[in-house]
Structures are given as C-alpha cells and as structure tokens.
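Dumped run.txt below, it's compact mmCIF, C-alpha atoms:
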```txt
# COMPACT_ATOMS: atom_id res chain seq x y z
CA MET F 13 -175.38 42.11 129.57
CA ARG F 14 -176.47 45.14 127.53
CA THR F 15 -178.49 47.62 129.60
CA LEU F 16 -181.18 50.10 128.61
CA LEU F 17 -178.59 52.87 128.66
CA ASP F 18 -176.42 51.02 126.11
CA ARG F 19 -179.09 50.22 123.51
CA PRO F 20 -178.18 50.81 119.84
CA ASP F 21 -180.92 53.43 119.37
CA ARG F 22 -179.01 55.66 121.78
CA GLU F 23 -176.16 55.70 119.25
CA ALA F 24 -178.58 56.22 116.37
CA MET F 25 -180.00 59.31 118.10
CA ALA F 26 -176.49 60.70 118.60
CA GLN F 27 -175.62 60.06 114.93
CA ARG F 28 -178.66 62.07 113.77
CA LEU F 29 -177.71 64.94 116.07
CA LEU F 30 -174.12 64.89 114.85
CA ARG F 31 -175.30 65.15 111.22
CA ALA F 32 -177.64 68.01 112.09
CA SER F 33 -174.83 69.84 113.90
CA ALA F 34 -172.55 69.48 110.87
CA GLN F 35 -175.27 70.91 108.62
CA LYS F 36 -176.35 73.89 110.74
CA SER F 37 -174.11 75.47 113.36
CA PHE F 38 -173.10 79.05 114.04
CA ASP F 39 -170.08 81.05 115.11
CA PRO F 40 -171.32 84.14 116.99
CA GLU F 41 -168.09 85.97 116.20
CA VAL F 42 -169.01 86.02 112.50
CA ASP F 43 -172.75 85.24 112.42
CA VAL F 44 -173.80 88.14 114.65
CA ASP F 45 -173.32 91.74 113.53
CA TRP F 46 -171.90 93.19 116.73
CA GLU F 47 -171.37 96.58 115.09
CA GLN F 48 -175.05 97.22 114.36
CA PRO F 49 -176.43 100.06 116.48
CA LEU F 50 -179.17 99.46 119.01
CA VAL F 51 -182.50 101.05 118.05
CA ASP F 52 -183.61 103.92 120.28
CA GLY F 53 -186.91 103.31 122.06
CA MET F 54 -187.22 99.65 120.97
CA PHE F 55 -187.83 96.94 123.55
CA TYR F 56 -185.24 94.22 124.23
CA MET F 57 -187.91 91.57 124.85
CA PRO F 58 -191.66 91.51 124.15
CA GLU F 59 -193.24 94.16 126.37
CA HIS F 60 -195.79 91.75 127.85
CA ARG F 61 -192.95 89.47 129.05
CA VAL F 62 -191.25 92.13 131.19
CA SER F 63 -191.63 91.02 134.81
CA LEU F 64 -193.52 94.11 136.01
CA TYR F 65 -195.87 94.33 133.00
CA GLY F 66 -199.44 95.09 134.09
CA THR F 67 -198.58 95.99 137.70
CA PRO F 68 -199.38 99.36 139.34
CA LEU F 69 -195.65 100.06 139.31
CA TRP F 70 -195.53 99.44 135.55
CA GLU F 71 -198.36 101.93 135.00
CA ARG F 72 -196.32 104.64 136.73
CA MET F 73 -193.20 104.01 134.64
CA SER F 74 -192.36 106.05 131.55
CA HIS F 75 -191.90 104.38 128.16
CA ALA F 76 -188.14 104.99 128.38
CA GLN F 77 -188.02 103.40 131.83
CA ARG F 78 -189.97 100.36 130.61
CA VAL F 79 -187.63 99.89 127.66
CA ASP F 80 -184.63 100.25 129.95
CA LEU F 81 -186.02 97.64 132.33
CA SER F 82 -186.43 95.23 129.39
CA ARG F 83 -182.75 95.84 128.56
CA HIS F 84 -181.62 95.00 132.08
CA GLU F 85 -183.96 92.00 132.33
CA ILE F 86 -182.69 90.41 129.11
CA ALA F 87 -179.12 90.98 130.30
CA SER F 88 -179.95 89.40 133.67
CA THR F 89 -181.54 86.39 131.97
CA ALA F 90 -178.53 86.01 129.66
CA SER F 91 -176.14 86.08 132.63
CA VAL F 92 -178.23 83.36 134.33
CA GLY F 93 -178.02 81.45 131.04
CA ILE F 94 -174.22 81.64 131.18
CA TRP F 95 -174.26 80.44 134.79
CA PHE F 96 -176.43 77.46 133.91
CA GLU F 97 -174.41 76.62 130.81
CA LEU F 98 -171.27 76.51 132.95
CA ILE F 99 -173.04 74.01 135.20
CA LEU F 100 -174.12 72.01 132.16
CA LEU F 101 -170.58 71.86 130.77
CA GLN F 102 -169.37 70.23 133.96
CA LEU F 103 -172.34 67.86 134.18
CA LEU F 104 -171.82 66.74 130.58
CA ALA F 105 -168.10 66.18 131.18
CA ARG F 106 -168.91 64.04 134.22
CA HIS F 107 -171.63 62.18 132.28
CA ILE F 108 -169.21 61.03 129.56
CA TYR F 109 -166.08 60.66 131.73
CA ASP F 110 -166.38 56.87 132.08
CA ARG F 111 -167.96 56.21 128.68
CA PRO F 112 -166.19 55.04 125.51
CA ALA F 113 -164.58 58.01 123.76
CA THR F 114 -165.37 56.49 120.35
CA SER F 115 -169.14 56.29 120.91
CA ASP F 116 -171.36 58.72 119.02
CA HIS F 117 -173.17 59.46 122.28
CA VAL F 118 -169.91 60.82 123.71
CA ARG F 119 -168.96 62.56 120.48
CA TYR F 120 -172.27 64.42 120.42
CA ALA F 121 -171.84 65.46 124.06
CA LEU F 122 -168.48 66.97 123.07
CA VAL F 123 -170.14 68.83 120.17
CA GLU F 124 -172.72 70.16 122.63
CA VAL F 125 -169.96 71.34 124.97
CA GLY F 126 -168.55 73.34 122.05
CA ASP F 127 -172.00 74.79 121.27
CA GLU F 128 -172.53 75.84 124.88
CA CYS F 129 -169.12 77.50 125.03
CA ARG F 130 -170.02 79.58 121.97
CA HIS F 131 -173.43 80.40 123.44
CA SER F 132 -171.83 81.69 126.62
CA VAL F 133 -169.45 83.84 124.59
CA MET F 134 -172.43 85.14 122.59
CA PHE F 135 -174.43 86.00 125.71
CA SER F 136 -171.38 87.61 127.28
CA ARG F 137 -170.86 89.84 124.25
CA MET F 138 -174.56 90.72 124.20
CA ILE F 139 -174.51 91.80 127.86
CA GLU F 140 -171.49 93.98 127.14
CA LYS F 141 -173.15 95.43 124.01
CA LEU F 142 -176.24 96.34 126.05
CA GLY F 143 -174.08 98.15 128.59
CA CYS F 144 -175.35 96.05 131.51
CA PRO F 145 -173.62 94.17 134.32
CA ALA F 146 -173.41 90.36 134.28
CA TYR F 147 -175.94 90.10 137.11
CA GLY F 148 -175.85 86.33 137.61
CA PRO F 149 -178.39 84.39 139.68
CA GLY F 150 -177.45 85.74 143.11
CA ARG F 151 -175.25 84.33 145.86
CA LEU F 152 -177.55 81.57 147.16
CA ALA F 153 -178.38 80.19 143.71
CA HIS F 154 -174.70 80.38 142.76
CA THR F 155 -173.84 78.22 145.78
CA LEU F 156 -176.62 75.73 145.04
CA GLY F 157 -175.32 75.52 141.47
CA ARG F 158 -171.89 74.62 142.80
CA LEU F 159 -173.45 71.68 144.66
CA LEU F 160 -175.47 70.59 141.63
CA LYS F 161 -172.52 70.60 139.24
CA SER F 162 -170.32 68.73 141.72
CA PHE F 163 -172.62 66.01 143.01
CA ALA F 164 -175.60 65.49 140.69
CA THR F 165 -175.78 62.09 138.99
CA GLY F 166 -178.56 60.15 137.31
CA PRO F 167 -181.85 61.59 136.01
CA GLU F 168 -181.52 64.93 137.80
CA VAL F 169 -178.58 65.89 135.56
CA PHE F 170 -180.63 66.10 132.37
CA ALA F 171 -183.83 67.13 134.14
CA ALA F 172 -182.12 70.17 135.68
CA PHE F 173 -180.72 71.06 132.27
CA LEU F 174 -184.19 70.92 130.72
CA ILE F 175 -185.68 73.24 133.34
CA ALA F 176 -183.48 76.16 132.34
CA GLU F 177 -183.26 75.46 128.63
CA GLU F 178 -186.94 74.66 127.94
CA ILE F 179 -188.12 77.83 129.68
CA LEU F 180 -185.59 80.06 127.90
CA ASP F 181 -186.32 78.31 124.60
CA ALA F 182 -190.03 79.15 124.82
CA PHE F 183 -189.31 82.82 125.50
CA GLN F 184 -186.72 82.99 122.71
CA ARG F 185 -188.97 81.33 120.12
CA GLU F 186 -191.48 84.12 120.68
CA LEU F 187 -188.83 86.83 120.92
CA MET F 188 -186.96 85.94 117.71
CA ILE F 189 -190.01 86.63 115.50
CA ASP F 190 -191.29 89.71 117.36
CA GLU F 191 -190.43 92.75 115.24
CA SER F 192 -190.98 95.09 118.19
CA VAL F 193 -187.76 93.69 119.70
CA GLN F 194 -184.20 94.86 119.01
CA PRO F 195 -182.77 93.13 115.87
CA LEU F 196 -179.57 92.15 117.70
CA VAL F 197 -181.49 90.31 120.42
CA ARG F 198 -183.71 88.61 117.82
CA ARG F 199 -180.66 87.36 115.92
CA ILE F 200 -179.00 85.98 119.05
CA SER F 201 -182.25 84.26 120.05
CA HIS F 202 -182.61 82.73 116.58
CA ILE F 203 -179.12 81.20 116.74
CA HIS F 204 -179.69 79.87 120.24
CA VAL F 205 -183.07 78.32 119.37
CA ILE F 206 -181.70 76.43 116.34
CA GLU F 207 -178.74 74.93 118.18
CA GLU F 208 -180.59 74.39 121.43
CA ALA F 209 -183.22 72.25 119.68
CA ARG F 210 -180.57 69.54 119.28
CA HIS F 211 -179.49 69.85 122.91
CA LEU F 212 -183.08 69.52 124.08
CA ARG F 213 -183.60 66.40 121.97
CA TYR F 214 -180.45 64.82 123.44
CA ALA F 215 -181.56 65.66 126.99
CA HIS F 216 -185.14 64.41 126.48
CA ASP F 217 -183.87 61.11 125.10
CA GLU F 218 -181.26 60.62 127.81
CA LEU F 219 -183.62 61.58 130.64
CA GLY F 220 -186.11 58.97 129.43
CA ARG F 221 -183.39 56.32 129.55
CA GLN F 222 -182.12 57.42 132.95
CA MET F 223 -185.60 57.39 134.51
CA ALA F 224 -186.40 53.96 133.05
CA ALA F 225 -183.21 52.55 134.60
CA ALA F 226 -183.39 54.41 137.94
CA SER F 227 -184.11 52.74 141.26
CA PRO F 228 -187.07 53.96 143.37
CA ALA F 229 -184.64 55.83 145.67
CA ALA F 230 -182.93 57.50 142.68
CA ARG F 231 -186.31 58.58 141.32
CA THR F 232 -187.31 60.10 144.66
CA TRP F 233 -184.03 62.02 144.90
CA ALA F 234 -184.32 63.20 141.28
CA ARG F 235 -187.83 64.56 141.92
CA TRP F 236 -186.56 66.63 144.86
CA VAL F 237 -183.49 67.98 143.05
CA VAL F 238 -185.61 68.85 140.01
CA ALA F 239 -188.20 70.66 142.13
CA ARG F 240 -185.47 72.68 143.85
CA SER F 241 -183.93 73.53 140.47
CA ALA F 242 -187.32 74.63 139.11
CA TRP F 243 -187.82 77.03 142.02
CA THR F 244 -184.26 78.39 141.76
CA VAL F 245 -184.36 79.04 138.02
CA SER F 246 -187.86 80.54 137.91
CA SER F 247 -187.27 82.96 140.78
CA HIS F 248 -183.77 84.11 139.80
CA LEU F 249 -184.05 85.04 136.12
CA VAL F 250 -184.28 88.74 137.04
CA HIS F 251 -181.76 89.99 139.58
CA PRO F 252 -183.08 92.67 142.01
CA ASP F 253 -180.27 94.99 140.88
CA ALA F 254 -181.93 95.13 137.44
CA TYR F 255 -184.79 97.04 139.07
CA ALA F 256 -182.40 99.33 140.92
CA ALA F 257 -180.67 100.12 137.62
CA VAL F 258 -183.84 101.83 136.34
CA GLY F 259 -184.52 103.75 139.54
CA LEU F 260 -186.90 101.33 141.29
CA ASP F 261 -186.75 100.03 144.85
CA PRO F 262 -185.26 96.57 144.17
CA ARG F 263 -186.96 94.76 147.05
CA ALA F 264 -190.39 96.22 146.40
CA ALA F 265 -190.09 95.66 142.65
CA ARG F 266 -188.96 92.05 143.09
CA ARG F 267 -191.86 91.30 145.45
CA MET F 268 -194.30 92.83 142.97
CA ALA F 269 -192.78 90.94 140.04
CA LEU F 270 -192.90 87.57 141.81
CA ALA F 271 -196.56 88.12 142.73
CA ASN F 272 -197.49 89.59 139.33
CA PRO F 273 -200.27 87.47 137.71
CA ALA F 274 -199.00 88.35 134.23
CA ARG F 275 -195.47 87.24 135.11
CA ARG F 276 -196.69 84.02 136.69
CA GLU F 277 -198.81 83.30 133.62
CA SER F 278 -195.77 83.91 131.39
CA MET F 279 -193.72 81.45 133.43
CA ARG F 280 -196.48 78.81 133.29
CA TRP F 281 -196.77 79.34 129.52
CA ALA F 282 -193.00 79.02 129.04
CA SER F 283 -192.78 75.86 131.13
CA SER F 284 -195.97 74.12 129.90
CA LYS F 285 -194.17 71.73 127.52
CA LEU F 286 -191.58 70.94 130.20
CA VAL F 287 -194.24 70.29 132.85
CA ARG F 288 -196.10 67.87 130.56
CA PHE F 289 -192.89 65.98 129.82
CA PHE F 290 -191.90 65.79 133.49
CA ALA F 291 -195.38 64.58 134.47
CA ALA F 292 -195.16 61.81 131.85
CA SER F 293 -191.65 60.97 133.11
CA ASP F 294 -192.79 60.55 136.75
CA LEU F 295 -190.86 63.61 137.95
CA LEU F 296 -193.80 65.64 139.28
CA SER F 297 -194.83 64.06 142.56
CA GLY F 298 -193.89 63.86 146.21
CA PRO F 299 -192.79 66.64 148.59
CA GLY F 300 -191.16 68.59 145.74
CA LEU F 301 -194.60 69.58 144.44
CA LEU F 302 -194.67 72.36 147.05
CA LEU F 303 -191.56 73.90 145.49
CA TRP F 304 -193.04 73.52 142.01
CA ARG F 305 -196.07 75.50 143.14
CA ARG F 306 -193.91 78.13 144.84
CA SER F 307 -191.98 78.47 141.59
CA GLY F 308 -195.19 79.50 139.81
CA LEU F 309 -194.59 76.94 137.08
CA ILE F 310 -197.65 74.90 138.10
CA THR F 311 -200.82 75.88 139.94
```
Will you turn the file into structure tokens for me?
Amino acid sequence: MRTLLDRPDREAMAQRLLRASAQKSFDPEVDVDWEQPLVDGMFYMPEHRVSLYGTPLWERMSHAQRVDLSRHEIASTASVGIWFELILLQLLARHIYDRPATSDHVRYALVEVGDECRHSVMFSRMIEKLGCPAYGPGRLAHTLGRLLKSFATGPEVFAAFLIAEEILDAFQRELMIDESVQPLVRRISHIHVIEEARHLRYAHDELGRQMAAASPAARTWARWVVARSAWTVSSHLVHPDAYAAVGLDPRAARRMALANPARRESMRWASSKLVRFFAASDLLSGPGLLLWRRSGLIT
C-alpha cells in the first residue's frame, strides 16, 4: 500500500528543486572574489544585530572595538553553520539510505549534500579570510550534536535542520542587502540565501509529511528534540571567546548578551517564520515549551 511518504507529489517537488538547482547554483571557489580586500572600519554584520548592541557595555566600546566584535561574531556564527551542516549531511545520508537510489527525492538530497559541502568550504574560507578562529558551538553543544546526528529519526531530523537554517536565513537576507556591511560577507550571504531557499523548501515539505505520518509517541519525542535544538542553536551562535578576542570579559559579556533585550528581539524576529510554521505543524507544545522560552525565540 502506498503511504503518505511515498505520494507522487513528493517526487514532483523534488523534480522542481532539481531543475532549480541546475539553473542556479554556485561554486564559491570561482563565484566569490577571495582576493578583494576587507574595508577598514566597515561592519561585518548590521550593527544592530551585534549581540551586545544597546547594552551599557556596548556604549563603552570604541567604534573599532564594535566593528571587531562584529567580525568575530560573524566568524563564530559561520563556524556554528559548518557544525550544523556537518550534522545535516549525516542526517540526509541516513534519511535516504534505505530509499530507492533512482527516485528524484533521493537525487535531490544528494544535490543538497553537494550544496552543503560547498557552503561549508565557503564559510571555512571566510573565517580564514577574516583572521578569526573556527570557534564552533562549544563542547556541550558539540556533544549533543553527535547524539542528534547519530540517533535522530522521523520529524525531528528536518525540524532540527529548519531551526538553524531558518534563523540564519533571516539574518542573511537582511545582511546581503545592507551596504554598511563588508562586500565579501554580503556576497557570501547572497549565495547562501539563494541555494538555501531550495533546502528550506525540501525540509518544509518533508517535515509536513513526517508529522502527518508520525505516531503520537513520535510527535511527543520530536517536540522535545526540537525544543532542545532551538535552545542549543539560539544560545551558541556567539562563542564566549569571541568577546575575549576584543578585550571583553567573556563570561560577563555572554551574560549581558543573552539578557540583552535587543538581542532577544533580533532572535525572535529571525525565528518568527519558523515559529509560525512549527506551531501550525504541532511542534510547539508540551514540556519543551520551557526550553523554547529559555531560548528567547518565543515569549
């Protein structure tokens, strides 16, 4: 008997995404000018999106220090992006492992794996160009990611993917058109937004199918895993060492950033589309709501 997950429109969606990929894809080795110089005194992300913006600590910082913090924050976020893309690669491989290799659904997943590999290379080169460390998400989040990539199945696979990618997508859509931001960072954001739009469509469609077919127990488990992922991603985009790199006390700066009303508003803004979709998909309920509120993504 054909199941919801095997319906023909699943293949039709994959076919559209495959055509779009063939028409518009990028190679960061040739489509990014890595030789262009960075512009002195120009921010690396919109000033109002820097985690300490509007705090007493921010008011005491010099312009040069603020710009430098934006450089380290964008590098930290990019390194978290690489970490999450590595998780996604393994989740996608597991998702298609038992599926027919000749299906368009599987073929598009393989195209997405290639896209994500190029994105990780692009982010890696950007971090190096900015002269920053690859901060990563921190030891605890790194360990939790190892569990997620190894054991997640069902709706939580695509829901966890959407948490990271939807939030970063919102920030990058604003960043790529902001002329106060470094041209190199704008170009990288533009490439990522175009290709990620296809990945998001694939994940939205698949999550809807997975939730419709999930048992009550699977739905409950997915809600908890998704809530934990939301808290982990939202609170680990900026590594404490990024604050230390610009001469700030990392613990005090991190506490101030996490409590910063402007930062919390930015995170709610960036996740608003995601939160609406999750609410409509029955993923925002139960004990996990406490973690969602702690994440600052909902009030």
Nearest to F:Thr244 by atom-to-atom distance, counting all atoms listed in the file, from F:Leu142, F:Arg151, F:Trp46, F:His117:
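Selected residue with least distance to F:Thr244: F:Arg151.
Our summary of the geometry notes that atom CA of F:Phe96 is positioned 28.1 Å from atom CA of F:Gly259.
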Nearest residue to F:Val92 out of F:Ser227, F:Gln222, F:Ser63, F:Ser247, using all atoms listed in the file?
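Counting all atoms listed in the file, the residue closest to F:Val92 is F:Ser247.
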Which of these, F:Asp43, F:Glu140, F:Asp294, F:Glu218, has the shortest distance to F:Ser88 once you count all atoms listed in the file?
F:Glu140
With all atoms listed in the file as the atoms that count, which of F:Asp217, F:Pro167, F:Gly298, F:Glu207 lies nearest to F:Gln35?
F:Glu207
Enumerate, as a PyMOL selection string, the protein, DNA and RNA residues whose atoms approach (-186.2, 85.1, 121.3) to within 10 Å, taking into account all atoms listed in the file and the coordinate frame of the file.
chain F and resi 56-58+180-190+193+197-205
Enclosing box along x, y and z for every listed atom of stretch 25-44 of chain F, padded 3 Å each side, centre and size in Å, one decimal, as JSON:
```
{"center_x": -174.0, "center_y": 73.7, "center_z": 113.6, "size_x": 17.9, "size_y": 34.8, "size_z": 16.0}
```
Could you name the residues that touch F:Val51 at 12 Å or less, counting all atoms listed in the file, but leaving out those on the same chain fewer than 3 positions away, as a ChimeraX atom specification?
/F:48,54-56,79,83,142,191-197
Could you tell me how far atom CA of F:Ala264 lies from atom CA of F:Arg276, in Å and to one decimal?
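These atoms are spaced 16.8 Å apart.
Take atom CA of F:Ala269 and atom CA of F:Leu64: the distance between them is 5.2 Å.
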